$ cat start.cif   # mmCIF, C-alpha atoms and all ligand atoms; chains and numbers go by the auth columns
data_upload
loop_
_atom_site.group_PDB
_atom_site.id
_atom_site.type_symbol
_atom_site.label_atom_id
_atom_site.label_comp_id
_atom_site.label_asym_id
_atom_site.label_seq_id
_atom_site.Cartn_x
_atom_site.Cartn_y
_atom_site.Cartn_z
_atom_site.B_iso_or_equiv
_atom_site.auth_seq_id
_atom_site.auth_asym_id
ATOM 1 C CA MET A 1 -5.453 -8.552 24.402 0.00 1 C
ATOM 2 C CA THR A 2 -6.971 -5.311 23.202 0.00 2 C
ATOM 3 C CA GLN A 3 -5.088 -2.998 20.920 0.00 3 C
ATOM 4 C CA PRO A 4 -5.136 0.729 21.546 0.00 4 C
ATOM 5 C CA ALA A 5 -7.666 2.606 19.408 0.00 5 C
ATOM 6 C CA THR A 6 -4.901 4.822 18.102 0.00 6 C
ATOM 7 C CA SER A 7 -1.128 4.536 17.959 0.00 7 C
ATOM 8 C CA PRO A 8 1.366 7.380 17.914 0.00 8 C
ATOM 9 C CA ALA A 9 0.965 9.006 14.528 0.00 9 C
ATOM 10 C CA PRO A 10 2.901 11.949 13.134 0.00 10 C
ATOM 11 C CA LYS A 11 1.141 15.313 13.245 0.00 11 C
ATOM 12 C CA LEU A 12 -0.486 16.228 9.934 0.00 12 C
ATOM 13 C CA GLU A 13 1.230 19.627 9.911 0.00 13 C
ATOM 14 C CA THR A 14 4.677 18.088 10.320 0.00 14 C
ATOM 15 C CA LEU A 15 3.850 15.973 7.253 0.00 15 C
ATOM 16 C CA GLY A 16 2.849 19.134 5.379 0.00 16 C
ATOM 17 C CA LEU A 17 -0.819 18.078 5.220 0.00 17 C
ATOM 18 C CA SER A 18 -3.746 20.498 5.550 0.00 18 C
ATOM 19 C CA ARG A 19 -6.900 19.906 7.614 0.00 19 C
ATOM 20 C CA GLU A 20 -8.849 21.988 5.080 0.00 20 C
ATOM 21 C CA ARG A 21 -9.233 19.205 2.525 0.00 21 C
ATOM 22 C CA PRO A 22 -10.140 15.507 2.700 0.00 22 C
ATOM 23 C CA LEU A 23 -7.310 13.090 3.505 0.00 23 C
ATOM 24 C CA VAL A 24 -6.631 10.066 1.278 0.00 24 C
ATOM 25 C CA ILE A 25 -4.188 7.457 2.637 0.00 25 C
ATOM 26 C CA VAL A 26 -2.688 5.185 -0.030 0.00 26 C
ATOM 27 C CA ASP A 27 -0.496 2.063 0.067 0.00 27 C
ATOM 28 C CA VAL A 28 2.421 1.540 -2.352 0.00 28 C
ATOM 29 C CA ASP A 29 3.064 -2.158 -3.070 0.00 29 C
ATOM 30 C CA GLU A 30 0.345 -3.567 -5.350 0.00 30 C
ATOM 31 C CA VAL A 31 -1.576 -0.270 -5.207 0.00 31 C
ATOM 32 C CA LEU A 32 0.745 2.381 -6.671 0.00 32 C
ATOM 33 C CA GLY A 33 3.482 0.029 -7.810 0.00 33 C
ATOM 34 C CA LEU A 34 3.935 -3.461 -9.245 0.00 34 C
ATOM 35 C CA PHE A 35 5.956 -4.861 -6.338 0.00 35 C
ATOM 36 C CA MET A 36 5.561 -8.571 -7.121 0.00 36 C
ATOM 37 C CA LYS A 37 6.814 -8.076 -10.659 0.00 37 C
ATOM 38 C CA ALA A 38 9.950 -6.206 -9.556 0.00 38 C
ATOM 39 C CA PHE A 39 10.641 -8.512 -6.610 0.00 39 C
ATOM 40 C CA GLY A 40 10.227 -11.520 -8.913 0.00 40 C
ATOM 41 C CA ALA A 41 12.813 -10.101 -11.326 0.00 41 C
ATOM 42 C CA PHE A 42 15.190 -9.418 -8.414 0.00 42 C
ATOM 43 C CA LEU A 43 14.782 -13.022 -7.196 0.00 43 C
ATOM 44 C CA ALA A 44 15.291 -14.480 -10.683 0.00 44 C
ATOM 45 C CA GLU A 45 18.669 -12.705 -10.915 0.00 45 C
ATOM 46 C CA ARG A 46 19.667 -14.558 -7.747 0.00 46 C
ATOM 47 C CA GLY A 47 18.556 -17.998 -8.914 0.00 47 C
ATOM 48 C CA PHE A 48 15.123 -18.128 -7.299 0.00 48 C
ATOM 49 C CA ASP A 49 11.679 -18.711 -8.750 0.00 49 C
ATOM 50 C CA PHE A 50 8.856 -16.541 -7.500 0.00 50 C
ATOM 51 C CA ARG A 51 5.741 -18.666 -8.048 0.00 51 C
ATOM 52 C CA ILE A 52 2.502 -16.791 -7.778 0.00 52 C
ATOM 53 C CA ASP A 53 0.185 -19.718 -7.205 0.00 53 C
ATOM 54 C CA ARG A 54 -1.190 -18.594 -3.852 0.00 54 C
ATOM 55 C CA PHE A 55 -1.576 -15.263 -2.067 0.00 55 C
ATOM 56 C CA ALA A 56 1.634 -15.338 -0.068 0.00 56 C
ATOM 57 C CA LEU A 57 5.071 -13.792 -0.113 0.00 57 C
ATOM 58 C CA PHE A 58 7.901 -15.742 1.471 0.00 58 C
ATOM 59 C CA GLN A 59 6.205 -19.119 0.876 0.00 59 C
ATOM 60 C CA ASN A 60 6.281 -18.383 -2.863 0.00 60 C
ATOM 61 C CA ILE A 61 10.093 -18.156 -3.140 0.00 61 C
ATOM 62 C CA TYR A 62 11.722 -21.382 -4.405 0.00 62 C
ATOM 63 C CA PRO A 63 15.309 -22.207 -5.329 0.00 63 C
ATOM 64 C CA ALA A 64 15.092 -22.569 -9.137 0.00 64 C
ATOM 65 C CA GLY A 65 13.453 -25.872 -10.013 0.00 65 C
ATOM 66 C CA ALA A 66 12.935 -26.948 -6.381 0.00 66 C
ATOM 67 C CA SER A 67 9.682 -28.291 -4.958 0.00 67 C
ATOM 68 C CA GLU A 68 10.219 -26.930 -1.411 0.00 68 C
ATOM 69 C CA HIS A 69 10.024 -23.199 -0.829 0.00 69 C
ATOM 70 C CA LEU A 70 12.980 -21.330 0.610 0.00 70 C
ATOM 71 C CA ASP A 71 12.962 -21.051 4.388 0.00 71 C
ATOM 72 C CA ILE A 72 11.099 -18.012 5.633 0.00 72 C
ATOM 73 C CA GLU A 73 14.109 -16.290 7.205 0.00 73 C
ATOM 74 C CA ALA A 74 16.136 -16.520 3.993 0.00 74 C
ATOM 75 C CA GLY A 75 13.137 -15.122 2.130 0.00 75 C
ATOM 76 C CA ARG A 76 12.890 -12.263 4.580 0.00 76 C
ATOM 77 C CA ARG A 77 16.557 -11.397 4.045 0.00 77 C
ATOM 78 C CA LEU A 78 15.994 -11.227 0.290 0.00 78 C
ATOM 79 C CA PHE A 79 12.933 -9.038 0.886 0.00 79 C
ATOM 80 C CA ASP A 80 14.937 -6.654 3.107 0.00 80 C
ATOM 81 C CA ASP A 81 17.765 -6.563 0.569 0.00 81 C
ATOM 82 C CA PHE A 82 15.319 -5.711 -2.216 0.00 82 C
ATOM 83 C CA PHE A 83 13.933 -2.793 -0.214 0.00 83 C
ATOM 84 C CA ALA A 84 17.385 -1.537 0.743 0.00 84 C
ATOM 85 C CA THR A 85 18.780 -1.586 -2.785 0.00 85 C
ATOM 86 C CA ARG A 86 16.205 -2.015 -5.545 0.00 86 C
ATOM 87 C CA CYS A 87 12.754 -0.784 -4.555 0.00 87 C
ATOM 88 C CA ALA A 88 13.148 2.352 -6.682 0.00 88 C
ATOM 89 C CA GLU A 89 12.921 0.127 -9.779 0.00 89 C
ATOM 90 C CA ILE A 90 9.290 -0.846 -9.269 0.00 90 C
ATOM 91 C CA GLU A 91 7.054 -0.041 -12.218 0.00 91 C
ATOM 92 C CA PRO A 92 4.059 2.179 -11.383 0.00 92 C
ATOM 93 C CA ALA A 93 0.744 0.316 -11.506 0.00 93 C
ATOM 94 C CA PRO A 94 -1.238 1.106 -14.677 0.00 94 C
ATOM 95 C CA GLY A 95 -3.220 4.318 -14.171 0.00 95 C
ATOM 96 C CA ALA A 96 -1.907 4.872 -10.633 0.00 96 C
ATOM 97 C CA VAL A 97 0.073 8.047 -11.278 0.00 97 C
ATOM 98 C CA ALA A 98 -2.767 9.726 -13.199 0.00 98 C
ATOM 99 C CA GLY A 99 -5.306 8.548 -10.616 0.00 99 C
ATOM 100 C CA LEU A 100 -3.376 9.907 -7.668 0.00 100 C
ATOM 101 C CA GLN A 101 -2.582 13.170 -9.417 0.00 101 C
ATOM 102 C CA ARG A 102 -6.306 13.590 -10.097 0.00 102 C
ATOM 103 C CA LEU A 103 -7.121 12.941 -6.431 0.00 103 C
ATOM 104 C CA SER A 104 -4.433 15.363 -5.258 0.00 104 C
ATOM 105 C CA ARG A 105 -6.239 18.278 -6.909 0.00 105 C
ATOM 106 C CA GLY A 106 -9.007 18.016 -4.326 0.00 106 C
ATOM 107 C CA ALA A 107 -7.518 16.124 -1.395 0.00 107 C
ATOM 108 C CA GLU A 108 -4.442 15.735 0.767 0.00 108 C
ATOM 109 C CA ILE A 109 -2.515 12.566 -0.076 0.00 109 C
ATOM 110 C CA LEU A 110 -0.477 10.544 2.410 0.00 110 C
ATOM 111 C CA ILE A 111 1.472 7.438 1.406 0.00 111 C
ATOM 112 C CA LEU A 112 1.424 4.720 4.100 0.00 112 C
ATOM 113 C CA SER A 113 3.656 1.784 3.239 0.00 113 C
ATOM 114 C CA ASN A 114 4.512 -1.326 5.248 0.00 114 C
ATOM 115 C CA ALA A 115 8.101 -1.517 4.032 0.00 115 C
ATOM 116 C CA PRO A 116 11.299 -1.927 6.063 0.00 116 C
ATOM 117 C CA PRO A 117 12.924 1.304 7.301 0.00 117 C
ATOM 118 C CA GLN A 118 15.856 0.938 4.900 0.00 118 C
ATOM 119 C CA ALA A 119 13.420 1.606 2.029 0.00 119 C
ATOM 120 C CA GLU A 120 12.718 5.178 3.084 0.00 120 C
ATOM 121 C CA GLN A 121 15.152 7.017 0.828 0.00 121 C
ATOM 122 C CA LEU A 122 14.597 4.940 -2.316 0.00 122 C
ATOM 123 C CA ARG A 123 10.840 4.797 -1.848 0.00 123 C
ATOM 124 C CA GLY A 124 10.668 8.579 -1.412 0.00 124 C
ATOM 125 C CA GLN A 125 12.803 9.058 -4.522 0.00 125 C
ATOM 126 C CA TRP A 126 10.553 6.674 -6.453 0.00 126 C
ATOM 127 C CA LEU A 127 7.431 8.626 -5.519 0.00 127 C
ATOM 128 C CA ARG A 128 8.955 11.977 -6.512 0.00 128 C
ATOM 129 C CA ARG A 129 10.366 10.613 -9.760 0.00 129 C
ATOM 130 C CA HIS A 130 6.903 9.473 -10.781 0.00 130 C
ATOM 131 C CA GLY A 131 5.286 12.822 -10.014 0.00 131 C
ATOM 132 C CA LEU A 132 3.915 11.848 -6.595 0.00 132 C
ATOM 133 C CA PRO A 133 5.708 14.185 -4.154 0.00 133 C
ATOM 134 C CA HIS A 134 3.517 13.237 -1.198 0.00 134 C
ATOM 135 C CA PRO A 135 4.580 12.594 2.385 0.00 135 C
ATOM 136 C CA LEU A 136 5.565 8.989 3.081 0.00 136 C
ATOM 137 C CA ILE A 137 5.216 7.021 6.296 0.00 137 C
ATOM 138 C CA LEU A 138 6.882 3.611 6.555 0.00 138 C
ATOM 139 C CA SER A 139 5.036 1.454 9.033 0.00 139 C
ATOM 140 C CA SER A 140 4.649 -2.176 10.048 0.00 140 C
ATOM 141 C CA GLY A 141 1.804 -4.340 11.248 0.00 141 C
ATOM 142 C CA PRO A 142 -1.923 -3.778 10.747 0.00 142 C
ATOM 143 C CA LYS A 143 -2.586 -0.249 9.532 0.00 143 C
ATOM 144 C CA GLY A 144 -5.710 0.516 11.588 0.00 144 C
ATOM 145 C CA PRO A 145 -4.105 2.036 14.704 0.00 145 C
ATOM 146 C CA ILE A 146 -1.816 4.479 12.872 0.00 146 C
ATOM 147 C CA THR A 147 -4.604 5.384 10.435 0.00 147 C
ATOM 148 C CA ALA A 148 -6.908 6.118 13.365 0.00 148 C
ATOM 149 C CA GLY A 149 -4.228 8.389 14.823 0.00 149 C
ATOM 150 C CA LEU A 150 -3.929 10.259 11.529 0.00 150 C
ATOM 151 C CA VAL A 151 -7.608 10.668 10.639 0.00 151 C
ATOM 152 C CA ALA A 152 -8.460 11.763 14.192 0.00 152 C
ATOM 153 C CA GLN A 153 -6.510 14.958 13.464 0.00 153 C
ATOM 154 C CA THR A 154 -8.752 16.202 10.659 0.00 154 C
ATOM 155 C CA PRO A 155 -12.450 17.118 10.596 0.00 155 C
ATOM 156 C CA GLN A 156 -12.573 16.272 6.881 0.00 156 C
ATOM 157 C CA ARG A 157 -13.692 13.051 5.218 0.00 157 C
ATOM 158 C CA THR A 158 -10.991 10.402 4.835 0.00 158 C
ATOM 159 C CA ALA A 159 -10.312 7.397 2.615 0.00 159 C
ATOM 160 C CA PHE A 160 -7.842 4.489 2.735 0.00 160 C
ATOM 161 C CA VAL A 161 -6.611 2.237 -0.087 0.00 161 C
ATOM 162 C CA ASP A 162 -4.695 -1.055 0.280 0.00 162 C
ATOM 163 C CA ASP A 163 -4.384 -4.411 -1.457 0.00 163 C
ATOM 164 C CA LEU A 164 -4.438 -6.482 1.761 0.00 164 C
ATOM 165 C CA LEU A 165 -7.704 -7.408 3.430 0.00 165 C
ATOM 166 C CA PRO A 166 -6.181 -7.514 6.962 0.00 166 C
ATOM 167 C CA ASN A 167 -5.127 -3.859 6.614 0.00 167 C
ATOM 168 C CA LEU A 168 -8.556 -2.869 5.302 0.00 168 C
ATOM 169 C CA ASP A 169 -10.309 -4.678 8.147 0.00 169 C
ATOM 170 C CA SER A 170 -7.907 -3.138 10.659 0.00 170 C
ATOM 171 C CA VAL A 171 -8.730 0.369 9.408 0.00 171 C
ATOM 172 C CA ALA A 172 -12.470 -0.384 9.447 0.00 172 C
ATOM 173 C CA GLU A 173 -12.121 -1.499 13.071 0.00 173 C
ATOM 174 C CA HIS A 174 -9.989 1.393 14.331 0.00 174 C
ATOM 175 C CA ALA A 175 -11.171 4.243 12.073 0.00 175 C
ATOM 176 C CA PRO A 176 -14.736 3.261 11.124 0.00 176 C
ATOM 177 C CA ALA A 177 -15.600 6.624 9.537 0.00 177 C
ATOM 178 C CA THR A 178 -12.816 6.218 6.948 0.00 178 C
ATOM 179 C CA ALA A 179 -13.951 4.908 3.546 0.00 179 C
ATOM 180 C CA THR A 180 -11.942 1.812 2.602 0.00 180 C
ATOM 181 C CA PHE A 181 -11.122 0.582 -0.896 0.00 181 C
ATOM 182 C CA GLN A 182 -9.211 -2.474 -2.099 0.00 182 C
ATOM 183 C CA HIS A 183 -7.015 -2.331 -5.197 0.00 183 C
ATOM 184 C CA VAL A 184 -4.891 -5.259 -6.416 0.00 184 C
ATOM 185 C CA ALA A 185 -2.538 -4.065 -9.133 0.00 185 C
ATOM 186 C CA ASP A 186 -0.874 -7.307 -10.287 0.00 186 C
ATOM 187 C CA GLU A 187 -3.108 -9.198 -12.699 0.00 187 C
ATOM 188 C CA ARG A 188 -1.723 -12.544 -11.502 0.00 188 C
ATOM 189 C CA LEU A 189 -2.652 -11.747 -7.906 0.00 189 C
ATOM 190 C CA ARG A 190 -6.153 -10.517 -8.640 0.00 190 C
ATOM 191 C CA PRO A 191 -7.855 -13.935 -8.667 0.00 191 C
ATOM 192 C CA LEU A 192 -5.912 -15.010 -5.540 0.00 192 C
ATOM 193 C CA ALA A 193 -6.350 -11.953 -3.302 0.00 193 C
ATOM 194 C CA PRO A 194 -8.881 -12.372 -0.475 0.00 194 C
ATOM 195 C CA SER A 195 -11.570 -9.670 -0.687 0.00 195 C
ATOM 196 C CA ALA A 196 -14.660 -8.557 1.180 0.00 196 C
ATOM 197 C CA PRO A 197 -16.396 -6.236 -1.279 0.00 197 C
ATOM 198 C CA GLU A 198 -19.385 -5.779 1.029 0.00 198 C
ATOM 199 C CA ARG A 199 -17.028 -4.085 3.510 0.00 199 C
ATOM 200 C CA HIS A 200 -14.387 -2.622 1.175 0.00 200 C
ATOM 201 C CA PRO A 201 -15.229 -1.948 -2.488 0.00 201 C
ATOM 202 C CA ARG A 202 -12.730 -3.836 -4.658 0.00 202 C
ATOM 203 C CA ILE A 203 -11.723 -1.667 -7.631 0.00 203 C
ATOM 204 C CA ASP A 204 -8.738 -2.889 -9.654 0.00 204 C
ATOM 205 C CA ASP A 205 -9.000 -0.154 -12.313 0.00 205 C
ATOM 206 C CA TRP A 206 -7.289 3.049 -11.170 0.00 206 C
ATOM 207 C CA ALA A 207 -9.545 5.465 -13.080 0.00 207 C
ATOM 208 C CA GLU A 208 -12.629 3.873 -11.507 0.00 208 C
ATOM 209 C CA LEU A 209 -10.917 3.819 -8.129 0.00 209 C
ATOM 210 C CA ALA A 210 -10.081 7.535 -8.279 0.00 210 C
ATOM 211 C CA ALA A 211 -13.693 8.340 -9.193 0.00 211 C
ATOM 212 C CA ALA A 212 -15.018 6.236 -6.297 0.00 212 C
ATOM 213 C CA ILE A 213 -12.632 7.852 -3.808 0.00 213 C
ATOM 214 C CA GLU A 214 -13.651 11.323 -5.033 0.00 214 C
ATOM 215 C CA ALA A 215 -17.309 10.391 -4.548 0.00 215 C
ATOM 216 C CA ALA A 216 -16.551 9.179 -1.019 0.00 216 C
ATOM 217 C CA VAL A 217 -14.536 12.176 0.158 0.00 217 C
ATOM 218 C CA HIS A 218 -16.403 14.918 -1.703 0.00 218 C
ATOM 219 C CA GLY A 219 -19.852 13.371 -1.277 0.00 219 C
ATOM 220 C CA ARG A 220 -20.670 13.378 -4.950 0.00 220 C
HETATM 221 MG MG MG B . 0.419 -3.345 -0.433 0.00 1 Z
#
$ encode --input "start.cif" --output "structure tokens"
Amino acid sequence: MTQPATSPAPKLETLGLSRERPLVIVDVDEVLGLFMKAFGAFLAERGFDFRIDRFALFQNIYPAGASEHLDIEAGRRLFDDFFATRCAEIEPAPGAVAGLQRLSRGAEILILSNAPPQAEQLRGQWLRRHGLPHPLILSSGPKGPITAGLVAQTPQRTAFVDDLLPNLDSVAEHAPATATFQHVADERLRPLAPSAPERHPRIDDWAELAAAIEAAVHGR
């Protein structure tokens, strides 16, 4: 089955984004914010251990002290509940706010987050409260098709940042002119996260990441 090259994407002008400057598309969880840390605290309050011993999400949730992980559907309900009620409590990733503010002086910023729809209000509030008043799109599935639909609307250079290799590969496939960068914010996840630095530079320091994105979109 072939996927469409683009999927319906909002118009840049309805998002308040200009075609006069480069476009930088940035993920939230484990790029701008320490999701695993906040979700782990949320789970602990409910009597669950969140064991970061492999790069997974629902398979890492255990009833406290148990050797079998929680079933996936129960994990998904906890995940949805976290996004509906608590996702505004995530701590910004170190250097993320300063890095994005620096980028926003020379580029348009769009936040593209694979979070459930019920997160929209809290996630938007979180961004504004941390000085990142950029448009937010909540999406699901691989990010290549929607990114292709967005970057096709601008003649400027574009860049994309995510922690997940499948999203980076999806963007490289569907929007090959977009520069891709991997950032993994949580120090515990860094050694576990699959990477392909020959395709997507892996830069876990936000100051270095912002400099590399500037070089990519401004050609310097
Ligand atoms: Mg993420």
$ atom_distance --input "start.cif" --atom1 "CA of Pro145 (chain C)" --atom2 "CA of Asn167 (chain C)"
10.1 Å
$ closest_atom_pairs --input "start.cif" --of "chain C" --to "ligand MG 1 (chain Z)" --cutoff "7 Å" --atoms "all atoms listed in the file" --output "CSV"
residue,atom,partner,partner_atom,distance
C:Asp27,CA,Z:MG1,MG,5.5
C:Val28,CA,Z:MG1,MG,5.6
C:Asp29,CA,Z:MG1,MG,3.9
C:Glu30,CA,Z:MG1,MG,4.9
C:Val31,CA,Z:MG1,MG,6.0
C:Asp162,CA,Z:MG1,MG,5.6
C:Asp163,CA,Z:MG1,MG,5.0
C:Leu164,CA,Z:MG1,MG,6.2
$ residues_near_point --input "start.cif" --point "(3.2, 2.8, 8.0)" --cutoff "10 Å" --atoms "all atoms listed in the file" --output "count of residues only"
21
$ closest_residue --input "start.cif" --among "C:Thr178, C:Glu173, C:Leu165, C:Gly99" --to "Ala196 (chain C)" --atoms "only C-alpha atoms"
C:Leu165
$ atom_distance --input "start.cif" --atom1 "CA of Gln121 (chain C)" --atom2 "CA of Ile90 (chain C)"
14.1 Å
$ atom_distance --input "start.cif" --atom1 "CA of Phe83 (chain C)" --atom2 "CA of Asp169 (chain C)"
25.7 Å
